[in-house]
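What follows is the content of input-v2.cif, which has mmCIF, N, CA and C atoms:
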data_model
loop_
_atom_site.label_atom_id
_atom_site.label_comp_id
_atom_site.auth_asym_id
_atom_site.auth_seq_id
_atom_site.Cartn_x
_atom_site.Cartn_y
_atom_site.Cartn_z
N MET A 1 14.18 8.98 -53.50
CA MET A 1 13.41 9.12 -52.29
C MET A 1 14.25 9.73 -51.18
N PHE A 2 15.37 9.11 -50.88
CA PHE A 2 16.27 9.67 -49.88
C PHE A 2 17.40 10.37 -50.61
N LYS A 3 17.82 11.50 -50.09
CA LYS A 3 18.82 12.32 -50.78
C LYS A 3 20.21 11.69 -50.75
N HIS A 4 20.61 11.12 -49.63
CA HIS A 4 21.97 10.64 -49.48
C HIS A 4 22.06 9.13 -49.73
N ARG A 5 23.09 8.76 -50.47
CA ARG A 5 23.27 7.35 -50.82
C ARG A 5 23.47 6.49 -49.57
N ARG A 6 24.15 7.01 -48.56
CA ARG A 6 24.37 6.23 -47.33
C ARG A 6 23.06 5.87 -46.65
N VAL A 7 22.13 6.80 -46.63
CA VAL A 7 20.83 6.55 -46.01
C VAL A 7 20.07 5.51 -46.81
N ARG A 8 20.06 5.64 -48.13
CA ARG A 8 19.38 4.66 -48.98
C ARG A 8 19.99 3.28 -48.80
N THR A 9 21.30 3.21 -48.75
CA THR A 9 21.99 1.93 -48.59
C THR A 9 21.65 1.30 -47.24
N ALA A 10 21.63 2.11 -46.19
CA ALA A 10 21.28 1.58 -44.86
C ALA A 10 19.84 1.07 -44.83
N VAL A 11 18.94 1.78 -45.48
CA VAL A 11 17.54 1.34 -45.52
C VAL A 11 17.43 0.02 -46.27
N VAL A 12 18.13 -0.11 -47.40
CA VAL A 12 18.10 -1.35 -48.17
C VAL A 12 18.65 -2.50 -47.31
N LEU A 13 19.73 -2.26 -46.59
CA LEU A 13 20.32 -3.30 -45.75
C LEU A 13 19.35 -3.76 -44.66
N VAL A 14 18.73 -2.83 -43.96
CA VAL A 14 17.84 -3.18 -42.86
C VAL A 14 16.59 -3.92 -43.37
N VAL A 15 16.01 -3.42 -44.45
CA VAL A 15 14.81 -4.06 -45.00
C VAL A 15 15.14 -5.45 -45.53
N ALA A 16 16.25 -5.56 -46.26
CA ALA A 16 16.66 -6.87 -46.79
C ALA A 16 16.98 -7.84 -45.66
N TRP A 17 17.63 -7.35 -44.60
CA TRP A 17 17.95 -8.21 -43.47
C TRP A 17 16.69 -8.77 -42.83
N GLY A 18 15.72 -7.91 -42.60
CA GLY A 18 14.46 -8.37 -42.01
C GLY A 18 13.74 -9.37 -42.91
N ALA A 19 13.65 -9.07 -44.19
CA ALA A 19 12.95 -9.95 -45.12
C ALA A 19 13.66 -11.29 -45.27
N LEU A 20 14.97 -11.25 -45.43
CA LEU A 20 15.71 -12.49 -45.66
C LEU A 20 15.85 -13.32 -44.38
N THR A 21 15.83 -12.68 -43.23
CA THR A 21 15.80 -13.44 -41.98
C THR A 21 14.48 -14.21 -41.88
N GLY A 22 13.39 -13.55 -42.26
CA GLY A 22 12.10 -14.23 -42.28
C GLY A 22 12.08 -15.40 -43.25
N VAL A 23 12.67 -15.21 -44.42
CA VAL A 23 12.73 -16.30 -45.39
C VAL A 23 13.53 -17.46 -44.84
N GLU A 24 14.67 -17.17 -44.22
CA GLU A 24 15.49 -18.23 -43.64
C GLU A 24 14.77 -18.93 -42.49
N ARG A 25 14.06 -18.18 -41.68
CA ARG A 25 13.39 -18.76 -40.51
C ARG A 25 12.20 -19.62 -40.90
N TRP A 26 11.31 -19.05 -41.70
CA TRP A 26 10.07 -19.79 -41.99
C TRP A 26 10.16 -20.58 -43.30
N GLY A 27 10.87 -20.09 -44.27
CA GLY A 27 10.99 -20.81 -45.53
C GLY A 27 11.95 -21.98 -45.46
N GLU A 28 13.06 -21.78 -44.76
CA GLU A 28 14.07 -22.82 -44.65
C GLU A 28 14.03 -23.55 -43.30
N SER A 29 13.18 -23.11 -42.41
CA SER A 29 13.02 -23.70 -41.06
C SER A 29 14.32 -23.71 -40.26
N ALA A 30 15.08 -22.64 -40.38
CA ALA A 30 16.34 -22.52 -39.64
C ALA A 30 16.05 -21.98 -38.23
N PRO A 31 16.83 -22.37 -37.24
CA PRO A 31 16.67 -21.77 -35.91
C PRO A 31 17.02 -20.27 -35.96
N TRP A 32 16.47 -19.49 -35.02
CA TRP A 32 16.63 -18.04 -35.06
C TRP A 32 18.08 -17.57 -35.18
N PRO A 33 19.01 -18.05 -34.35
CA PRO A 33 20.38 -17.52 -34.49
C PRO A 33 20.96 -17.74 -35.89
N ARG A 34 20.72 -18.90 -36.43
CA ARG A 34 21.22 -19.21 -37.78
C ARG A 34 20.48 -18.37 -38.83
N ALA A 35 19.18 -18.18 -38.65
CA ALA A 35 18.40 -17.38 -39.59
C ALA A 35 18.88 -15.94 -39.62
N VAL A 36 19.19 -15.38 -38.45
CA VAL A 36 19.67 -14.00 -38.37
C VAL A 36 21.03 -13.88 -39.07
N GLN A 37 21.92 -14.82 -38.85
CA GLN A 37 23.23 -14.79 -39.50
C GLN A 37 23.11 -14.91 -41.01
N GLN A 38 22.34 -15.89 -41.46
CA GLN A 38 22.19 -16.09 -42.90
C GLN A 38 21.44 -14.92 -43.55
N GLY A 39 20.46 -14.37 -42.83
CA GLY A 39 19.75 -13.20 -43.34
C GLY A 39 20.67 -12.01 -43.51
N LEU A 40 21.57 -11.81 -42.55
CA LEU A 40 22.52 -10.70 -42.65
C LEU A 40 23.50 -10.93 -43.79
N LEU A 41 23.96 -12.15 -43.95
CA LEU A 41 24.87 -12.45 -45.05
C LEU A 41 24.23 -12.14 -46.40
N TRP A 42 23.02 -12.65 -46.62
CA TRP A 42 22.35 -12.41 -47.90
C TRP A 42 21.95 -10.95 -48.06
N ALA A 43 21.60 -10.29 -46.97
CA ALA A 43 21.27 -8.87 -47.04
C ALA A 43 22.48 -8.05 -47.46
N ALA A 44 23.66 -8.44 -46.98
CA ALA A 44 24.89 -7.74 -47.39
C ALA A 44 25.14 -7.93 -48.88
N VAL A 45 24.89 -9.12 -49.39
CA VAL A 45 25.06 -9.38 -50.83
C VAL A 45 24.08 -8.54 -51.64
N VAL A 46 22.82 -8.54 -51.23
CA VAL A 46 21.80 -7.77 -51.93
C VAL A 46 22.12 -6.28 -51.88
N THR A 47 22.54 -5.79 -50.71
CA THR A 47 22.86 -4.38 -50.55
C THR A 47 24.06 -3.98 -51.39
N ALA A 48 25.07 -4.82 -51.45
CA ALA A 48 26.25 -4.52 -52.28
C ALA A 48 25.86 -4.43 -53.75
N ALA A 49 25.04 -5.35 -54.22
CA ALA A 49 24.60 -5.31 -55.61
C ALA A 49 23.74 -4.07 -55.87
N TRP A 50 22.86 -3.75 -54.94
CA TRP A 50 22.02 -2.57 -55.09
C TRP A 50 22.88 -1.29 -55.09
N TRP A 51 23.85 -1.22 -54.18
CA TRP A 51 24.73 -0.05 -54.11
C TRP A 51 25.49 0.14 -55.42
N PHE A 52 26.02 -0.96 -55.94
CA PHE A 52 26.78 -0.87 -57.19
C PHE A 52 25.88 -0.39 -58.33
N ALA A 53 24.68 -0.92 -58.42
CA ALA A 53 23.76 -0.50 -59.46
C ALA A 53 23.38 0.97 -59.30
N ASP A 54 23.17 1.41 -58.08
CA ASP A 54 22.85 2.81 -57.82
C ASP A 54 24.02 3.72 -58.18
N TRP A 55 25.21 3.28 -57.86
CA TRP A 55 26.41 4.08 -58.10
C TRP A 55 26.72 4.21 -59.59
N THR A 56 26.46 3.18 -60.35
CA THR A 56 26.79 3.20 -61.77
C THR A 56 25.62 3.61 -62.65
N GLN A 57 24.51 3.97 -62.06
CA GLN A 57 23.33 4.35 -62.83
C GLN A 57 23.63 5.57 -63.68
N ALA A 58 23.25 5.52 -64.93
CA ALA A 58 23.51 6.64 -65.85
C ALA A 58 22.72 7.87 -65.43
N GLY A 59 23.34 9.02 -65.60
CA GLY A 59 22.68 10.28 -65.32
C GLY A 59 22.79 10.74 -63.89
N ARG A 60 23.40 9.94 -63.04
CA ARG A 60 23.56 10.33 -61.65
C ARG A 60 24.87 11.09 -61.49
N PRO A 61 24.91 12.06 -60.59
CA PRO A 61 26.19 12.74 -60.36
C PRO A 61 27.22 11.77 -59.79
N GLN A 62 28.44 11.94 -60.24
CA GLN A 62 29.53 11.08 -59.79
C GLN A 62 30.03 11.55 -58.42
N PRO A 63 30.60 10.66 -57.64
CA PRO A 63 31.23 11.09 -56.39
C PRO A 63 32.31 12.14 -56.68
N ARG A 64 32.52 13.03 -55.75
CA ARG A 64 33.43 14.16 -55.97
C ARG A 64 34.84 13.72 -56.31
N HIS A 65 35.34 12.67 -55.67
CA HIS A 65 36.71 12.27 -55.94
C HIS A 65 36.88 11.78 -57.38
N LEU A 66 35.85 11.21 -57.97
CA LEU A 66 35.94 10.79 -59.37
C LEU A 66 35.83 11.98 -60.30
N ALA A 67 34.98 12.93 -59.97
CA ALA A 67 34.83 14.12 -60.80
C ALA A 67 36.12 14.93 -60.82
N ARG A 68 36.80 15.02 -59.66
CA ARG A 68 38.05 15.78 -59.61
C ARG A 68 39.14 15.10 -60.42
N SER A 69 39.19 13.75 -60.38
CA SER A 69 40.24 13.06 -61.11
C SER A 69 40.05 13.18 -62.62
N ARG A 70 38.84 13.47 -63.05
CA ARG A 70 38.58 13.65 -64.47
C ARG A 70 38.63 15.11 -64.89
N GLY A 71 38.88 15.99 -63.95
CA GLY A 71 38.97 17.41 -64.25
C GLY A 71 37.61 18.10 -64.30
N GLU A 72 36.57 17.47 -63.84
CA GLU A 72 35.23 18.07 -63.84
C GLU A 72 35.01 18.78 -62.51
N ARG A 73 34.00 19.61 -62.47
CA ARG A 73 33.64 20.30 -61.23
C ARG A 73 32.21 20.11 -60.92
#
How would this structure read if it were set down as structure tokens?
Amino acid sequence: MFKHRRVRTAVVLVVAWGALTGVERWGESAPWPRAVQQGLLWAAVVTAAWWFADWTQAGRPQPRHLARSRGER
């Protein structure tokens, strides 16, 4: 959908933060400041896992620094 991995990662982070903050606020009945902190923490975990899966997905072009170290162009 988005061409650049950084943009996709930022979108995943923002969407996950909003969703998980809502879960913490209404599902766990946490006060807003705590819900925002916990939502950001879990959003970072989700985003890191998503980024790793996106980066290691088969058939995707490798980052340039990895391609150069393997002698590819």
Which residues fall under the PyMOL selection byres ((chain A and resi 35-46) around 6) in this file, as an MDAnalysis selection string? chainID A and resid 13 16:17 20:21 24:25 30:34 47:51
Please compute the atom N of A:Arg5-atom N of A:Ala53 distance, one decimal, in Å.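 Result for atom N of A:Arg5 versus atom N of A:Ala53: 12.6 Å, one decimal.
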Alpha helix (DSSP H) per DSSP on the backbone: members of stretch 6-50 of chain A, as a PyMOL selection string: chain A and resi 6-22+32-50
So that I have them on file, write out the residues from the current selection with N, CA and C atoms, as an mmCIF file, in the coordinates of the input.
data_model
loop_
_atom_site.group_PDB
_atom_site.id
_atom_site.type_symbol
_atom_site.label_atom_id
_atom_site.label_comp_id
_atom_site.auth_asym_id
_atom_site.auth_seq_id
_atom_site.Cartn_x
_atom_site.Cartn_y
_atom_site.Cartn_z
ATOM 1 N N ARG A 6 24.150 7.010 -48.560
ATOM 2 C CA ARG A 6 24.370 6.230 -47.330
ATOM 3 C C ARG A 6 23.060 5.870 -46.650
ATOM 4 N N VAL A 7 22.130 6.800 -46.630
ATOM 5 C CA VAL A 7 20.830 6.550 -46.010
ATOM 6 C C VAL A 7 20.070 5.510 -46.810
ATOM 7 N N ARG A 8 20.060 5.640 -48.130
ATOM 8 C CA ARG A 8 19.380 4.660 -48.980
ATOM 9 C C ARG A 8 19.990 3.280 -48.800
ATOM 10 N N THR A 9 21.300 3.210 -48.750
ATOM 11 C CA THR A 9 21.990 1.930 -48.590
ATOM 12 C C THR A 9 21.650 1.300 -47.240
ATOM 13 N N ALA A 10 21.630 2.110 -46.190
ATOM 14 C CA ALA A 10 21.280 1.580 -44.860
ATOM 15 C C ALA A 10 19.840 1.070 -44.830
ATOM 16 N N VAL A 11 18.940 1.780 -45.480
ATOM 17 C CA VAL A 11 17.540 1.340 -45.520
ATOM 18 C C VAL A 11 17.430 0.020 -46.270
ATOM 19 N N VAL A 12 18.130 -0.110 -47.400
ATOM 20 C CA VAL A 12 18.100 -1.350 -48.170
ATOM 21 C C VAL A 12 18.650 -2.500 -47.310
ATOM 22 N N LEU A 13 19.730 -2.260 -46.590
ATOM 23 C CA LEU A 13 20.320 -3.300 -45.750
ATOM 24 C C LEU A 13 19.350 -3.760 -44.660
ATOM 25 N N VAL A 14 18.730 -2.830 -43.960
ATOM 26 C CA VAL A 14 17.840 -3.180 -42.860
ATOM 27 C C VAL A 14 16.590 -3.920 -43.370
ATOM 28 N N VAL A 15 16.010 -3.420 -44.450
ATOM 29 C CA VAL A 15 14.810 -4.060 -45.000
ATOM 30 C C VAL A 15 15.140 -5.450 -45.530
ATOM 31 N N ALA A 16 16.250 -5.560 -46.260
ATOM 32 C CA ALA A 16 16.660 -6.870 -46.790
ATOM 33 C C ALA A 16 16.980 -7.840 -45.660
ATOM 34 N N TRP A 17 17.630 -7.350 -44.600
ATOM 35 C CA TRP A 17 17.950 -8.210 -43.470
ATOM 36 C C TRP A 17 16.690 -8.770 -42.830
ATOM 37 N N GLY A 18 15.720 -7.910 -42.600
ATOM 38 C CA GLY A 18 14.460 -8.370 -42.010
ATOM 39 C C GLY A 18 13.740 -9.370 -42.910
ATOM 40 N N ALA A 19 13.650 -9.070 -44.190
ATOM 41 C CA ALA A 19 12.950 -9.950 -45.120
ATOM 42 C C ALA A 19 13.660 -11.290 -45.270
ATOM 43 N N LEU A 20 14.970 -11.250 -45.430
ATOM 44 C CA LEU A 20 15.710 -12.490 -45.660
ATOM 45 C C LEU A 20 15.850 -13.320 -44.380
ATOM 46 N N THR A 21 15.830 -12.680 -43.230
ATOM 47 C CA THR A 21 15.800 -13.440 -41.980
ATOM 48 C C THR A 21 14.480 -14.210 -41.880
ATOM 49 N N GLY A 22 13.390 -13.550 -42.260
ATOM 50 C CA GLY A 22 12.100 -14.230 -42.280
ATOM 51 C C GLY A 22 12.080 -15.400 -43.250
ATOM 52 N N TRP A 32 16.470 -19.490 -35.020
ATOM 53 C CA TRP A 32 16.630 -18.040 -35.060
ATOM 54 C C TRP A 32 18.080 -17.570 -35.180
ATOM 55 N N PRO A 33 19.010 -18.050 -34.350
ATOM 56 C CA PRO A 33 20.380 -17.520 -34.490
ATOM 57 C C PRO A 33 20.960 -17.740 -35.890
ATOM 58 N N ARG A 34 20.720 -18.900 -36.430
ATOM 59 C CA ARG A 34 21.220 -19.210 -37.780
ATOM 60 C C ARG A 34 20.480 -18.370 -38.830
ATOM 61 N N ALA A 35 19.180 -18.180 -38.650
ATOM 62 C CA ALA A 35 18.400 -17.380 -39.590
ATOM 63 C C ALA A 35 18.880 -15.940 -39.620
ATOM 64 N N VAL A 36 19.190 -15.380 -38.450
ATOM 65 C CA VAL A 36 19.670 -14.000 -38.370
ATOM 66 C C VAL A 36 21.030 -13.880 -39.070
ATOM 67 N N GLN A 37 21.920 -14.820 -38.850
ATOM 68 C CA GLN A 37 23.230 -14.790 -39.500
ATOM 69 C C GLN A 37 23.110 -14.910 -41.010
ATOM 70 N N GLN A 38 22.340 -15.890 -41.460
ATOM 71 C CA GLN A 38 22.190 -16.090 -42.900
ATOM 72 C C GLN A 38 21.440 -14.920 -43.550
ATOM 73 N N GLY A 39 20.460 -14.370 -42.830
ATOM 74 C CA GLY A 39 19.750 -13.200 -43.340
ATOM 75 C C GLY A 39 20.670 -12.010 -43.510
ATOM 76 N N LEU A 40 21.570 -11.810 -42.550
ATOM 77 C CA LEU A 40 22.520 -10.700 -42.650
ATOM 78 C C LEU A 40 23.500 -10.930 -43.790
ATOM 79 N N LEU A 41 23.960 -12.150 -43.950
ATOM 80 C CA LEU A 41 24.870 -12.450 -45.050
ATOM 81 C C LEU A 41 24.230 -12.140 -46.400
ATOM 82 N N TRP A 42 23.020 -12.650 -46.620
ATOM 83 C CA TRP A 42 22.350 -12.410 -47.900
ATOM 84 C C TRP A 42 21.950 -10.950 -48.060
ATOM 85 N N ALA A 43 21.600 -10.290 -46.970
ATOM 86 C CA ALA A 43 21.270 -8.870 -47.040
ATOM 87 C C ALA A 43 22.480 -8.050 -47.460
ATOM 88 N N ALA A 44 23.660 -8.440 -46.980
ATOM 89 C CA ALA A 44 24.890 -7.740 -47.390
ATOM 90 C C ALA A 44 25.140 -7.930 -48.880
ATOM 91 N N VAL A 45 24.890 -9.120 -49.390
ATOM 92 C CA VAL A 45 25.060 -9.380 -50.830
ATOM 93 C C VAL A 45 24.080 -8.540 -51.640
ATOM 94 N N VAL A 46 22.820 -8.540 -51.230
ATOM 95 C CA VAL A 46 21.800 -7.770 -51.930
ATOM 96 C C VAL A 46 22.120 -6.280 -51.880
ATOM 97 N N THR A 47 22.540 -5.790 -50.710
ATOM 98 C CA THR A 47 22.860 -4.380 -50.550
ATOM 99 C C THR A 47 24.060 -3.980 -51.390
ATOM 100 N N ALA A 48 25.070 -4.820 -51.450
ATOM 101 C CA ALA A 48 26.250 -4.520 -52.280
ATOM 102 C C ALA A 48 25.860 -4.430 -53.750
ATOM 103 N N ALA A 49 25.040 -5.350 -54.220
ATOM 104 C CA ALA A 49 24.600 -5.310 -55.610
ATOM 105 C C ALA A 49 23.740 -4.070 -55.870
ATOM 106 N N TRP A 50 22.860 -3.750 -54.940
ATOM 107 C CA TRP A 50 22.020 -2.570 -55.090
ATOM 108 C C TRP A 50 22.880 -1.290 -55.090
#
Grab the atom CA of A:Thr56 to atom N of A:Val14 distance for me, in Å with one decimal place.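 If I compute the distance from atom CA of A:Thr56 to atom N of A:Val14, I get 20.5 Å.
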Please compute the atom C of A:Arg6-atom N of A:Asp54 distance, one decimal, in Å.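 These two atoms are separated by 12.3 Å.
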